[in-house]
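Undergrad: Sharing query-v5.txt (compact mmCIF, C-alpha atoms) below.
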```txt
# COMPACT_ATOMS: atom_id res chain seq x y z
CA MET A 1 0.00 0.00 0.00
CA ALA A 2 1.22 3.49 -0.83
CA ALA A 3 2.31 5.50 2.19
CA ALA A 4 -0.52 7.60 3.57
CA GLY A 5 -0.36 10.58 5.87
CA ALA A 6 -4.00 10.20 6.87
CA LEU A 7 -6.48 7.36 7.22
CA LEU A 8 -10.20 7.93 6.65
CA VAL A 9 -12.73 5.62 8.31
CA MET A 10 -15.92 6.25 6.33
CA GLY A 11 -19.44 4.91 6.07
CA VAL A 12 -23.03 5.86 6.77
CA SER A 13 -23.84 6.81 10.35
CA GLY A 14 -23.98 3.81 12.64
CA SER A 15 -21.59 1.70 10.54
CA GLY A 16 -19.59 -0.52 12.87
CA ASN A 17 -20.31 -2.85 15.79
CA HIS A 18 -21.27 -2.54 19.44
CA PRO A 19 -18.63 -2.74 22.19
CA TRP A 20 -20.75 -5.13 24.22
CA MET A 21 -20.50 -7.65 21.37
CA GLU A 22 -16.78 -7.88 21.99
CA GLY A 23 -15.17 -10.05 24.65
CA GLY A 24 -11.85 -11.23 25.94
CA ALA A 25 -8.55 -9.52 26.58
CA ALA A 26 -8.89 -6.99 23.76
CA GLN A 27 -11.95 -5.42 25.35
CA ALA A 28 -10.45 -5.44 28.83
CA GLU A 29 -7.32 -3.71 27.52
CA LYS A 30 -9.35 -1.02 25.77
CA GLY A 31 -12.14 -0.84 28.33
CA GLN A 32 -11.77 2.84 29.15
CA LEU A 33 -11.91 3.75 25.47
CA PHE A 34 -15.11 1.75 25.00
CA GLU A 35 -16.68 3.32 28.08
CA ARG A 36 -16.07 6.79 26.64
CA LEU A 37 -17.39 5.96 23.17
CA CYS A 38 -20.40 3.89 24.30
CA LEU A 39 -21.45 2.79 20.80
CA LEU A 40 -19.08 1.26 18.29
CA HIS A 41 -19.39 2.80 14.85
CA ARG A 42 -16.90 4.44 12.49
CA SER A 43 -15.73 6.80 15.26
CA THR A 44 -15.01 3.89 17.56
CA VAL A 45 -13.06 2.05 14.88
CA GLY A 46 -11.17 5.23 14.07
CA ALA A 47 -10.34 6.01 17.70
CA LEU A 48 -9.12 2.49 18.37
CA LEU A 49 -7.01 2.49 15.20
CA ALA A 50 -5.43 5.79 16.21
CA SER A 51 -4.68 4.33 19.64
CA GLU A 52 -3.09 1.22 18.13
CA LEU A 53 -1.02 3.21 15.61
CA GLY A 54 -0.09 6.10 17.88
CA TRP A 55 -1.72 8.52 15.43
CA LYS A 56 -3.89 11.57 16.14
CA PHE A 57 -7.67 11.04 15.95
CA TYR A 58 -10.41 13.37 14.75
CA ASP A 59 -14.16 12.73 14.69
CA ALA A 60 -15.63 14.79 11.86
CA ASP A 61 -18.96 15.05 13.68
CA ASP A 62 -17.26 17.29 16.26
CA TYR A 63 -16.62 19.89 13.53
CA HIS A 64 -20.15 20.29 12.20
CA PRO A 65 -21.32 23.91 12.61
CA GLU A 66 -24.36 24.43 14.78
CA GLU A 67 -26.47 25.16 11.70
CA ASN A 68 -25.81 21.65 10.39
CA ARG A 69 -26.57 20.09 13.76
CA MET A 70 -29.85 21.95 14.06
CA LYS A 71 -30.86 20.91 10.56
CA MET A 72 -30.21 17.24 11.31
CA ARG A 73 -32.02 17.43 14.65
CA LYS A 74 -35.08 18.58 12.69
CA GLY A 75 -34.79 15.53 10.43
CA ILE A 76 -33.59 17.52 7.40
CA PRO A 77 -30.77 15.87 5.39
CA LEU A 78 -27.66 17.94 4.74
CA ASN A 79 -26.91 18.95 1.16
CA ASP A 80 -23.65 19.78 -0.61
CA GLN A 81 -23.85 23.43 0.43
CA ASP A 82 -24.03 22.33 4.07
CA ARG A 83 -21.23 19.79 3.81
CA ILE A 84 -18.61 21.48 1.62
CA PRO A 85 -17.46 24.17 4.13
CA TRP A 86 -17.31 21.46 6.82
CA LEU A 87 -15.21 19.22 4.56
CA CYS A 88 -12.91 22.11 3.61
CA ASN A 89 -12.26 22.77 7.30
CA LEU A 90 -11.42 19.08 7.79
CA HIS A 91 -9.05 19.19 4.81
CA ASP A 92 -7.24 22.16 6.36
CA ILE A 93 -6.90 20.28 9.65
CA LEU A 94 -5.54 17.16 7.93
CA LEU A 95 -3.14 19.18 5.79
CA ARG A 96 -1.83 21.11 8.78
CA ASP A 97 -1.09 17.96 10.75
CA VAL A 98 0.34 15.93 7.87
CA ALA A 99 2.61 18.85 6.90
CA THR A 100 4.25 18.61 10.34
CA GLY A 101 4.73 14.84 10.03
CA GLN A 102 1.74 13.98 12.21
CA HIS A 103 -0.19 10.94 10.99
CA VAL A 104 -3.95 11.22 11.38
CA VAL A 105 -7.05 9.02 11.57
CA LEU A 106 -10.31 10.75 10.61
CA ALA A 107 -13.76 9.27 11.16
CA CYS A 108 -16.10 10.89 8.66
CA SER A 109 -19.10 9.83 6.58
CA ALA A 110 -17.47 11.15 3.35
CA LEU A 111 -20.35 9.58 1.42
CA LYS A 112 -19.55 10.91 -2.07
CA LYS A 113 -16.32 10.71 -4.04
CA VAL A 114 -16.32 14.50 -4.38
CA TYR A 115 -16.39 14.74 -0.58
CA ARG A 116 -13.34 12.50 -0.32
CA ASP A 117 -11.64 14.55 -3.05
CA ILE A 118 -12.20 17.66 -0.94
CA LEU A 119 -10.59 15.97 2.05
CA ILE A 120 -7.57 15.24 -0.16
CA GLN A 121 -7.25 18.43 -2.21
CA GLY A 122 -9.56 21.04 -0.72
CA LYS A 123 -12.47 22.63 -2.55
CA ASP A 124 -10.76 23.75 -5.75
CA GLY A 125 -8.20 20.97 -6.16
CA ALA A 126 -6.00 23.27 -8.24
CA PRO A 127 -2.35 24.34 -7.82
CA ARG A 128 -1.93 27.72 -6.22
CA LYS A 129 -0.03 30.48 -8.05
CA CYS A 130 3.57 30.85 -7.01
CA ALA A 131 5.18 34.21 -6.29
CA GLU A 132 7.72 33.51 -9.02
CA PRO A 133 6.27 34.34 -12.48
CA GLY A 134 5.47 31.39 -14.72
CA LYS A 135 5.53 28.86 -11.89
CA GLU A 136 2.86 27.27 -9.72
CA GLU A 137 3.11 25.86 -6.25
CA LYS A 138 2.75 22.14 -5.87
CA LEU A 139 -0.83 21.06 -5.13
CA ALA A 140 -1.44 20.95 -1.38
CA GLU A 141 -2.71 17.39 -1.13
CA VAL A 142 -3.28 14.89 1.67
CA LYS A 143 -2.30 11.28 0.95
CA LEU A 144 -5.43 9.54 2.17
CA PHE A 145 -6.12 5.84 2.68
CA VAL A 146 -9.84 5.05 2.91
CA VAL A 147 -11.42 2.36 5.07
CA HIS A 148 -15.05 1.87 4.01
CA LEU A 149 -17.17 0.20 6.68
CA SER A 150 -20.03 -1.26 4.66
CA GLY A 151 -23.23 -2.98 5.67
CA SER A 152 -26.88 -3.42 4.81
CA PHE A 153 -29.51 -0.84 5.68
CA GLU A 154 -31.16 -3.32 8.06
CA VAL A 155 -28.01 -4.03 10.05
CA ILE A 156 -26.87 -0.43 10.31
CA SER A 157 -30.33 0.97 11.11
CA GLY A 158 -30.64 -1.52 13.95
CA ARG A 159 -27.40 -0.27 15.46
CA LEU A 160 -28.25 3.37 14.88
CA LEU A 161 -31.48 2.98 16.82
CA GLN A 162 -29.37 2.13 19.89
CA ARG A 163 -27.21 5.25 19.63
CA LYS A 164 -28.17 7.86 22.21
CA GLY A 165 -27.47 11.56 22.42
CA HIS A 166 -26.36 12.15 18.82
CA PHE A 167 -27.73 15.03 16.76
CA MET A 168 -28.49 12.86 13.70
CA PRO A 169 -31.78 10.95 14.09
CA PRO A 170 -32.07 7.39 12.68
CA GLU A 171 -34.70 8.66 10.23
CA LEU A 172 -31.95 10.31 8.17
CA LEU A 173 -30.11 7.04 7.50
CA GLN A 174 -31.97 6.36 4.23
CA SER A 175 -30.88 9.75 2.88
CA GLN A 176 -27.26 8.73 3.48
CA PHE A 177 -27.68 5.42 1.66
CA ASP A 178 -29.34 7.32 -1.21
CA ILE A 179 -26.22 9.39 -1.92
CA LEU A 180 -23.55 6.87 -0.89
CA GLU A 181 -20.81 6.39 -3.50
CA PRO A 182 -18.59 3.53 -2.28
CA PRO A 183 -14.90 4.08 -3.02
CA SER A 184 -13.52 2.50 -6.17
CA ALA A 185 -10.30 2.54 -8.23
CA PRO A 186 -8.21 4.62 -8.49
CA GLU A 187 -9.01 5.55 -4.87
CA ASN A 188 -6.66 4.06 -2.29
CA PHE A 189 -9.06 2.02 -0.15
CA ILE A 190 -10.26 -1.20 1.41
CA GLN A 191 -13.86 -2.21 2.15
CA ILE A 192 -14.71 -4.10 5.32
CA SER A 193 -18.07 -5.56 6.29
CA VAL A 194 -19.58 -4.32 9.53
CA ASP A 195 -20.65 -7.92 10.14
CA LYS A 196 -17.10 -8.58 11.31
CA ASN A 197 -16.31 -8.07 14.98
CA LEU A 198 -14.08 -5.25 16.17
CA SER A 199 -10.96 -7.39 16.53
CA GLU A 200 -11.28 -8.62 12.95
CA ILE A 201 -11.86 -5.12 11.58
CA ILE A 202 -8.83 -3.67 13.38
CA ALA A 203 -6.58 -6.62 12.48
CA THR A 204 -7.56 -6.38 8.82
CA ILE A 205 -6.78 -2.68 8.63
CA LEU A 206 -3.47 -3.00 10.46
CA LYS A 207 -2.41 -5.84 8.17
CA VAL A 208 -3.07 -3.69 5.07
CA LEU A 209 -1.19 -0.75 6.56
CA LYS A 210 1.98 -2.81 7.15
```
Can you dump the structure from the file as structure tokens?

TA:
Amino acid sequence: MAAAGALLVMGVSGSGNHPWMEGGAAQAEKGQLFERLCLLHRSTVGALLASELGWKFYDADDYHPEENRMKMRKGIPLNDQDRIPWLCNLHDILLRDVATGQHVVLACSALKKVYRDILIQGKDGAPRKCAEPGKEEKLAEVKLFVVHLSGSFEVISGRLLQRKGHFMPPELLQSQFDILEPPSAPENFIQISVDKNLSEIIATILKVLK
């Protein structure tokens, strides 16, 4: 796998497993992390990966502006105009960290390819003009490896119904499936079924990253 400065754990809301489905030493070792996260979905997978790798973790949901949160609380799906400024902000965060040598794990829905392109290149995706005439600066780009947590509507909706205290209601899940564009070549990605348990998901990702 090509070296990546950032790892994206993507999928519709609720994609992942539940911590109480896990047992054994792995859960005991990470017990405090599970207690904080409560429900295992893409954020849980991302946080545990970051812990295993020693990378910095960001949950994209933490960076939604209040306008987006209010809209989702009312059961109104976000559109591109709502998401693009949010994604641009996330790109800037990733670029800042990667530029300093900090590896990053980001948990984010990133449902469309254009959304993932924004995370990599920013909104315009074009080289910036250089101060020296006739030359352009190199494109400011994040090398991103995508982990797509995939599952059926039935499985994911069942898990989402058990999530408490989040601003996105389960009723919006169908709208996410409607616009979902799973990653494909030439994107740098793997797809993992949410039917796997947490240990299998983490082991699979770590194996690919080696």

Undergrad: Find the distance between atom CA of Ile156 of chain A and atom CA of Asp80 of chain A and write it in Å to one decimal.

TA: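 Atom-to-atom, atom CA of Ile156 of chain A to atom CA of Asp80 of chain A, that is 23.2 Å.
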
Undergrad: How many Å lie between atom CA of Ser152 of chain A and atom CA of Val9 of chain A, rounded to one decimal?

TA: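 We find that atom CA of Ser152 of chain A and atom CA of Val9 of chain A lie 17.2 Å from each other.
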
Undergrad: So what do you get for atom CA of Asp82 of chain A versus atom CA of Tyr63 of chain A, distance-wise?

TA: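 Distance between the two atoms: 12.3 Å.
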
Undergrad: Between A:Leu209, A:Ala47, A:Ile202, A:Leu173, which residue has the minimum interatomic distance to Val105 of chain A, considering only C-alpha atoms?

TA: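 Smallest distance to Val105 of chain A is found for A:Ala47.
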
Undergrad: When you count only C-alpha atoms, which of these residues is closest to Ser51 of chain A: A:Val104, A:Ile192, A:Val147, A:Ile118?

TA: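 Nearest candidate to Ser51 of chain A out of A:Val104, A:Ile192, A:Val147, A:Ile118: A:Val104.
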
Undergrad: Would you mind telling me which residue in A:Phe145, A:Leu206, A:Phe189, A:Ser175 lies nearest to Gly75 of chain A when using all atoms listed in the file?

TA: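 For Gly75 of chain A, the nearest of the candidates is A:Ser175.
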
Undergrad: May I have the residues within 8 Å of segment 93-103 of chain A as a list of chain:residue names, using all atoms listed in the file and disregarding those fewer than 6 positions away in the same chain?

TA: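 Residues near the query, excluding close chain neighbours: A:Gly5, A:Ala6, A:Trp55, A:Lys56, A:Leu119, A:Ala140, A:Glu141, A:Val142.
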
Undergrad: Identify, on the basis of all atoms listed in the file, every residue whose closest approach to Met10 of chain A does not exceed 10 Å; exclude the query and any residue fewer than 4 positions from it along the same chain; express the result as a ChimeraX atom specification.

TA: /A:15,41-43,45-46,106-111,116,146-150,182-183,191

Undergrad: Would you mind telling me which residue in A:Asp195, A:Glu187, A:Glu66, A:Asp61 lies nearest to Lys113 of chain A when using only C-alpha atoms?

TA: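 The closest residue to Lys113 of chain A is A:Glu187.
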
Undergrad: Taking all atoms listed in the file into account, name the residue in A:Leu144, A:Ile76, A:Cys88, A:Ala60 that is nearest to Gln176 of chain A.

TA: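 Result for the nearest residue to Gln176 of chain A: A:Ile76.
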
Undergrad: Out of A:Phe57, A:Pro65, A:Lys196, A:Lys123, which residue has the shortest atom-to-atom distance to Leu78 of chain A when counting all atoms listed in the file?

TA: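 Ranked by minimum distance to Leu78 of chain A, first place goes to A:Pro65.
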